[in-house]
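Listing of entry-v5.txt; format and content: compact mmCIF, C-alpha atoms.
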# COMPACT_ATOMS: atom_id res chain seq x y z
CA LYS L 1 0.00 0.00 0.00
CA GLU L 2 2.83 2.37 0.85
CA ILE L 3 4.54 1.72 -2.50
CA ILE L 4 1.31 2.34 -4.44
CA LYS L 5 0.67 5.51 -2.45
CA ARG L 6 4.17 6.83 -3.12
CA MET L 7 3.98 5.87 -6.79
CA SER L 8 0.73 7.77 -7.29
CA VAL L 9 2.08 10.89 -5.60
CA GLY L 10 5.46 10.53 -7.29
CA THR L 11 3.96 10.23 -10.75
CA VAL L 12 2.25 13.60 -10.40
CA GLY L 13 5.37 15.12 -8.88
CA VAL L 14 7.66 14.28 -11.79
CA ALA L 15 5.15 14.40 -14.65
CA ALA L 16 4.87 18.18 -15.15
CA THR L 17 6.84 18.17 -18.40
CA GLN L 18 4.85 15.28 -19.87
CA ILE L 19 1.52 16.89 -18.96
CA ASN L 20 2.72 20.20 -20.41
CA LEU L 21 3.75 18.39 -23.59
CA LEU L 22 0.24 16.96 -23.85
CA VAL L 23 -1.25 20.43 -23.38
CA THR L 24 1.03 22.01 -25.98
CA THR L 25 0.27 19.21 -28.45
CA PHE L 26 -3.45 19.83 -28.02
CA LEU L 27 -3.04 23.60 -28.47
CA ALA L 28 -0.70 23.15 -31.45
CA THR L 29 -3.44 21.37 -33.40
CA GLY L 30 -5.25 24.70 -33.67
CA THR L 31 -2.31 26.71 -35.00
CA VAL L 32 -0.87 25.59 -38.35
CA VAL L 33 -0.56 22.30 -40.19
CA GLY L 34 2.67 20.62 -39.13
CA ALA L 35 2.98 22.38 -35.76
CA VAL L 36 2.47 19.20 -33.74
CA SER L 37 5.20 17.40 -35.68
CA TRP L 38 7.60 20.35 -35.44
CA LEU L 39 7.16 20.50 -31.68
CA GLN L 40 7.63 16.74 -31.37
CA TYR L 41 10.83 16.75 -33.44
CA ALA L 42 12.21 19.70 -31.47
CA PHE L 43 11.34 18.06 -28.16
CA ARG L 44 13.12 14.86 -29.18
CA LEU L 45 16.33 16.81 -29.82
CA PHE L 46 15.83 18.66 -26.53
CA GLN L 47 15.46 15.33 -24.70
CA PHE L 48 18.79 14.06 -26.00
CA PRO L 49 21.03 16.02 -23.57
CA VAL L 50 18.41 15.66 -20.83
CA GLY L 51 18.45 11.88 -21.12
CA ILE L 52 22.20 11.49 -21.38
CA LEU L 53 23.28 14.15 -18.90
CA GLY L 54 20.39 15.39 -16.74
CA VAL L 55 18.76 12.06 -15.91
CA SER L 56 22.13 10.36 -15.32
CA ILE L 57 23.23 13.03 -12.85
CA GLY L 58 19.80 13.05 -11.17
CA ASN L 59 19.78 9.25 -10.71
CA SER L 60 23.33 9.21 -9.41
CA ASN L 61 22.49 11.99 -6.95
CA LEU L 62 19.41 10.15 -5.71
CA VAL L 63 21.39 7.03 -4.83
CA HIS L 64 24.14 8.84 -2.91
CA PHE L 65 21.91 11.54 -1.39
CA SER L 66 19.44 8.92 -0.10
CA GLU L 67 22.18 6.75 1.32
CA HIS L 68 23.75 9.62 3.29
CA TRP L 69 20.40 11.03 4.41
CA LYS L 70 19.07 7.72 5.70
CA LYS L 71 22.29 7.17 7.66
CA GLY L 72 21.84 10.57 9.31
CA GLU L 73 24.84 12.04 7.50
CA LYS L 74 23.08 15.28 6.62
CA ASP L 75 26.19 17.31 5.83
CA GLU L 76 27.41 14.67 3.39
CA ALA L 77 23.95 14.46 1.84
CA ILE L 78 23.85 18.24 1.33
CA ASP L 79 27.35 18.16 -0.16
CA CYS L 80 26.25 15.41 -2.54
CA LEU L 81 23.19 17.41 -3.60
CA GLN L 82 25.29 20.54 -4.10
CA THR L 83 27.85 18.67 -6.19
CA SER L 84 25.07 17.19 -8.31
CA TYR L 85 23.35 20.46 -9.17
CA ILE L 86 26.65 22.21 -9.86
CA THR L 87 27.68 19.32 -12.13
CA SER L 88 24.30 19.46 -13.85
CA LEU L 89 24.71 23.16 -14.59
CA PHE L 90 28.34 22.64 -15.59
CA VAL L 91 27.43 20.16 -18.32
CA LEU L 92 23.97 21.34 -19.41
CA VAL L 93 24.74 25.04 -19.92
CA PRO L 94 27.50 24.26 -22.47
CA ALA L 95 25.24 21.60 -24.05
CA MET L 96 22.48 24.19 -24.36
CA ALA L 97 24.85 26.72 -25.94
CA LEU L 98 26.29 24.15 -28.34
CA ILE L 99 22.94 22.81 -29.53
CA TYR L 100 21.58 26.36 -29.81
CA ALA L 101 24.54 27.39 -31.99
CA LEU L 102 24.35 24.22 -34.10
CA ALA L 103 20.55 23.94 -34.17
CA LYS L 104 20.35 24.08 -37.96
CA ASP L 105 22.95 21.36 -38.40
CA CYS L 106 21.34 19.17 -35.73
CA VAL L 107 17.91 19.37 -37.35
CA GLN L 108 19.18 18.93 -40.92
CA ILE L 109 21.31 15.90 -40.09
CA SER L 110 18.63 14.30 -37.93
CA PHE L 111 15.47 14.91 -39.95
CA GLN L 112 15.79 16.73 -43.29
CA ARG L 113 15.06 14.20 -46.01
CA GLY L 114 12.09 13.13 -48.09
CA ALA L 115 8.96 15.07 -47.18
CA PHE L 116 10.81 16.90 -44.41
CA GLY L 117 11.98 20.01 -46.28
CA PRO L 118 13.83 23.26 -45.51
CA ARG L 119 10.68 24.96 -44.19
CA ASP L 120 10.16 22.14 -41.73
CA THR L 121 13.79 22.50 -40.65
CA GLN L 122 13.29 26.22 -39.92
CA MET L 123 10.13 25.56 -37.91
CA VAL L 124 11.79 22.82 -35.85
CA ILE L 125 14.79 25.11 -35.23
CA SER L 126 12.54 27.87 -33.86
CA ALA L 127 10.79 25.42 -31.52
CA LEU L 128 14.08 23.80 -30.47
CA LYS L 129 15.62 27.14 -29.51
CA ALA L 130 12.56 27.94 -27.40
CA TYR L 131 12.85 24.58 -25.64
CA LEU L 132 16.59 24.98 -25.05
CA ILE L 133 16.09 28.06 -22.86
CA GLY L 134 14.77 25.75 -20.15
CA LEU L 135 17.39 23.00 -20.52
CA PRO L 136 19.63 23.84 -17.50
CA PHE L 137 16.56 24.29 -15.30
CA TYR L 138 15.15 20.95 -16.38
CA GLY L 139 18.45 19.35 -15.39
CA LEU L 140 18.16 20.93 -11.94
CA TYR L 141 14.59 19.68 -11.71
CA LYS L 142 15.83 16.14 -12.38
CA VAL L 143 18.26 16.53 -9.46
CA PHE L 144 16.01 18.22 -6.90
CA SER L 145 12.59 16.64 -7.48
CA PRO L 146 13.48 13.05 -6.44
CA SER L 147 15.32 14.39 -3.40
CA PHE L 148 12.02 15.42 -1.81
CA TYR L 149 10.94 11.78 -1.74
CA THR L 150 14.05 10.93 0.24
CA LEU L 151 13.13 13.72 2.67
CA ASP L 152 9.61 12.20 2.98
CA LYS L 153 8.09 15.37 1.55
CA PRO L 154 6.45 14.05 -1.63
CA LYS L 155 3.77 16.74 -1.62
CA VAL L 156 6.30 19.50 -2.34
CA PRO L 157 7.10 18.44 -5.96
CA VAL L 158 3.41 17.63 -6.49
CA PHE L 159 2.41 21.15 -5.49
CA ILE L 160 5.17 22.75 -7.56
CA SER L 161 4.37 20.60 -10.61
CA SER L 162 0.67 21.39 -10.37
CA ALA L 163 1.40 25.12 -10.17
CA ALA L 164 3.78 24.85 -13.14
CA ILE L 165 1.16 23.05 -15.23
CA PHE L 166 -1.40 25.73 -14.40
CA ILE L 167 1.06 28.52 -15.34
CA ASN L 168 1.88 26.78 -18.63
CA ILE L 169 -1.78 26.38 -19.58
CA ILE L 170 -2.59 30.04 -18.86
CA PHE L 171 0.55 31.29 -20.61
CA CYS L 172 0.08 29.18 -23.73
CA MET L 173 -3.65 29.68 -24.10
CA SER L 174 -3.33 33.45 -23.80
CA LEU L 175 -0.47 33.83 -26.31
CA VAL L 176 -0.76 31.00 -28.85
CA ASP L 177 -3.19 32.90 -31.10
CA HIS L 178 -0.82 35.87 -31.37
CA TYR L 179 2.59 34.20 -31.52
CA GLY L 180 1.92 30.77 -32.99
CA PHE L 181 3.20 27.35 -32.05
CA GLN L 182 6.67 28.61 -31.00
CA VAL L 183 5.18 30.14 -27.86
CA LEU L 184 4.07 26.65 -26.83
CA ALA L 185 7.69 25.50 -26.72
CA PHE L 186 8.63 28.64 -24.83
CA GLY L 187 5.80 27.97 -22.36
CA THR L 188 7.33 24.58 -21.60
CA SER L 189 10.69 26.28 -20.97
CA LEU L 190 9.02 28.84 -18.74
CA THR L 191 7.50 25.99 -16.75
CA MET L 192 10.93 24.38 -16.36
CA ILE L 193 12.33 27.66 -15.09
CA PHE L 194 9.48 27.98 -12.60
CA ILE L 195 9.77 24.45 -11.23

What would the structure in this file look like if it were written as C-alpha cells?
Amino acid sequence: KEIIKRMSVGTVGVAATQINLLVTTFLATGTVVGAVSWLQYAFRLFQFPVGILGVSIGNSNLVHFSEHWKKGEKDEAIDCLQTSYITSLFVLVPAMALIYALAKDCVQISFQRGAFGPRDTQMVISALKAYLIGLPFYGLYKVFSPSFYTLDKPKVPVFISSAAIFINIIFCMSLVDHYGFQVLAFGTSLTMIFI
C-alpha cells in the first residue's frame, strides 16, 4: 500500500513536463498544419542532452543523497546534492549553448530528407531554440525533485508541478493565437524555469 501511495504521488510530482507536452500538443493542433510534428521533433532533440546528462546526474544523486540522508549524515547528503546540481549546470549550460549554436545542423542531419523540407527545418529550429532556454533548469529539476521523496516530503514536488502546469496552460492559451506554435515551446521552458 505504501509503495502504491508513493507511486501515485510521485507520478504527479515528476510528470509536469509530460503533462505540459500533452497540453502544448493539443493547443498546437489549432495553430498551423505541421505544428504538432515540429514541436515533437524539437522536443526529441531537446530530450537528447536531458536523457544522457540530466537524468544520469539526477539518478546518481538520488542514490548517494538517499544513502547519506538515511544514515543521518546530513552534511554529506547536502554536499552530494550541491555537487550534483553544480555538475548538472556545468554540463547542461555548455550543451544548451552548443545545440543552440548548431541547431540548424542538428535538425538537418537528424530529420531533413524526403517530405521533411527546408521549411520544416526552420520551424523545428525555432521550436528547439525555445525549448533549449529551459534545458539547464530541467536538469536541476531532475536533481532536486526526487530528493524530496528521500526527505519524505512528496507533496512539495506535487504542489510545484501542479502550479507549473497551471502557469503553462494560462501562458500558452493566452499567447498561442498571437505568436503561434513557438510560444508553446517557450511555455514549456518557462515551466521548467518555474519548477

L:Ser60: which residues within 12 Å, counting only C-alpha atoms, same-chain residues fewer than 2 positions away excluded, as an MDAnalysis selection string? chainID L and resid 53:58 62:67 80:81 83:85 87:88 142:144 146:147

So that I can check the surroundings of L:Asn20, please list as a PyMOL selection string every protein, DNA and RNA residue that reaches within 7 Å of it, counting all atoms listed in the file and ignoring chain neighbours fewer than 6 positions away. chain L and resi 165+168+188

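With atom CA of L:Tyr138 on one side and atom CA of L:Val36 on the other, the separation reads 21.6 Å.
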
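What separates atom CA of L:Val124 from atom CA of L:Ala163 is a distance of 27.8 Å.
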
Fewer than 3 positions away in the same chain doesn't count, so skip those; otherwise give me all residues within 10 Å of L:Val107, counting all atoms listed in the file, as a compact mmCIF listing (two decimals) with C-alpha atoms, keeping the file's coordinate frame.
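The new file result_17.txt reads:
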# COMPACT_ATOMS: atom_id res chain seq x y z
CA TYR L 41 10.83 16.75 -33.44
CA ALA L 42 12.21 19.70 -31.47
CA LEU L 45 16.33 16.81 -29.82
CA ILE L 99 22.94 22.81 -29.53
CA LEU L 102 24.35 24.22 -34.10
CA ALA L 103 20.55 23.94 -34.17
CA LYS L 104 20.35 24.08 -37.96
CA SER L 110 18.63 14.30 -37.93
CA PHE L 111 15.47 14.91 -39.95
CA GLN L 112 15.79 16.73 -43.29
CA PRO L 118 13.83 23.26 -45.51
CA ASP L 120 10.16 22.14 -41.73
CA THR L 121 13.79 22.50 -40.65
CA GLN L 122 13.29 26.22 -39.92
CA MET L 123 10.13 25.56 -37.91
CA VAL L 124 11.79 22.82 -35.85
CA ILE L 125 14.79 25.11 -35.23
CA LEU L 128 14.08 23.80 -30.47

Distance atom CA of L:Pro154-atom CA of L:Ile170, one decimal place?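 Computing the Euclidean distance for atom CA of L:Pro154 and atom CA of L:Ile170 yields 25.2 Å.
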
What's around L:Leu22 at 12 Å? Count all atoms listed in the file, leave out sequence neighbours fewer than 6 positions away in its own chain, and write the answer as a PyMOL selection string. chain L and resi 15-16+28-29+36+39-40+43+165+168-169+184-185+188

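Minimum atom-to-atom distances from L:Glu76, L:Lys155, L:Met173, L:Leu132 to L:Ile193 were compared using only C-alpha atoms, and the lowest value belongs to L:Leu132.
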
The residue from L:Tyr131, L:Phe159, L:Phe137, L:Phe166 with the smallest atom-to-atom distance to L:Phe186, counting all atoms listed in the file, is L:Tyr131

Could you give me, as a PyMOL selection string, the residues that sit within 8 Å of (19.3, 25.5, -16.7) in the file's coordinates, counting all atoms listed in the file? chain L and resi 89+92-93+133-140+193

Smallest atom-to-atom distance to L:Lys71: which of L:Thr150, L:Val33, L:Ile160, L:Cys172, using all atoms listed in the file? L:Thr150

Calculated over only C-alpha atoms, which of the candidates L:Gln182, L:Ile78, L:Ile19, L:Pro49 has the smallest distance to L:Pro94? L:Pro49

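Among L:Phe171, L:Leu151, L:Val156, L:Tyr179, the residue with the shortest atom-to-atom distance to L:Thr191, counting only C-alpha atoms, is L:Phe171.
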
Of the candidates L:Trp69, L:Tyr100, L:Phe148, L:Trp38, which one gets nearest to L:Arg119 if we count all atoms listed in the file?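 Of all the options, L:Trp38 lies closest to L:Arg119.
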
Grab all the atoms of stretch 155-163 of chain L that the file lists, wrap them in a box along x, y and z, add 6 Å per side, and give me centre plus edge lengths in Å (one decimal) as JSON.
{"center_x": 3.9, "center_y": 20.9, "center_z": -6.1, "size_x": 18.4, "size_y": 20.4, "size_z": 21.0}
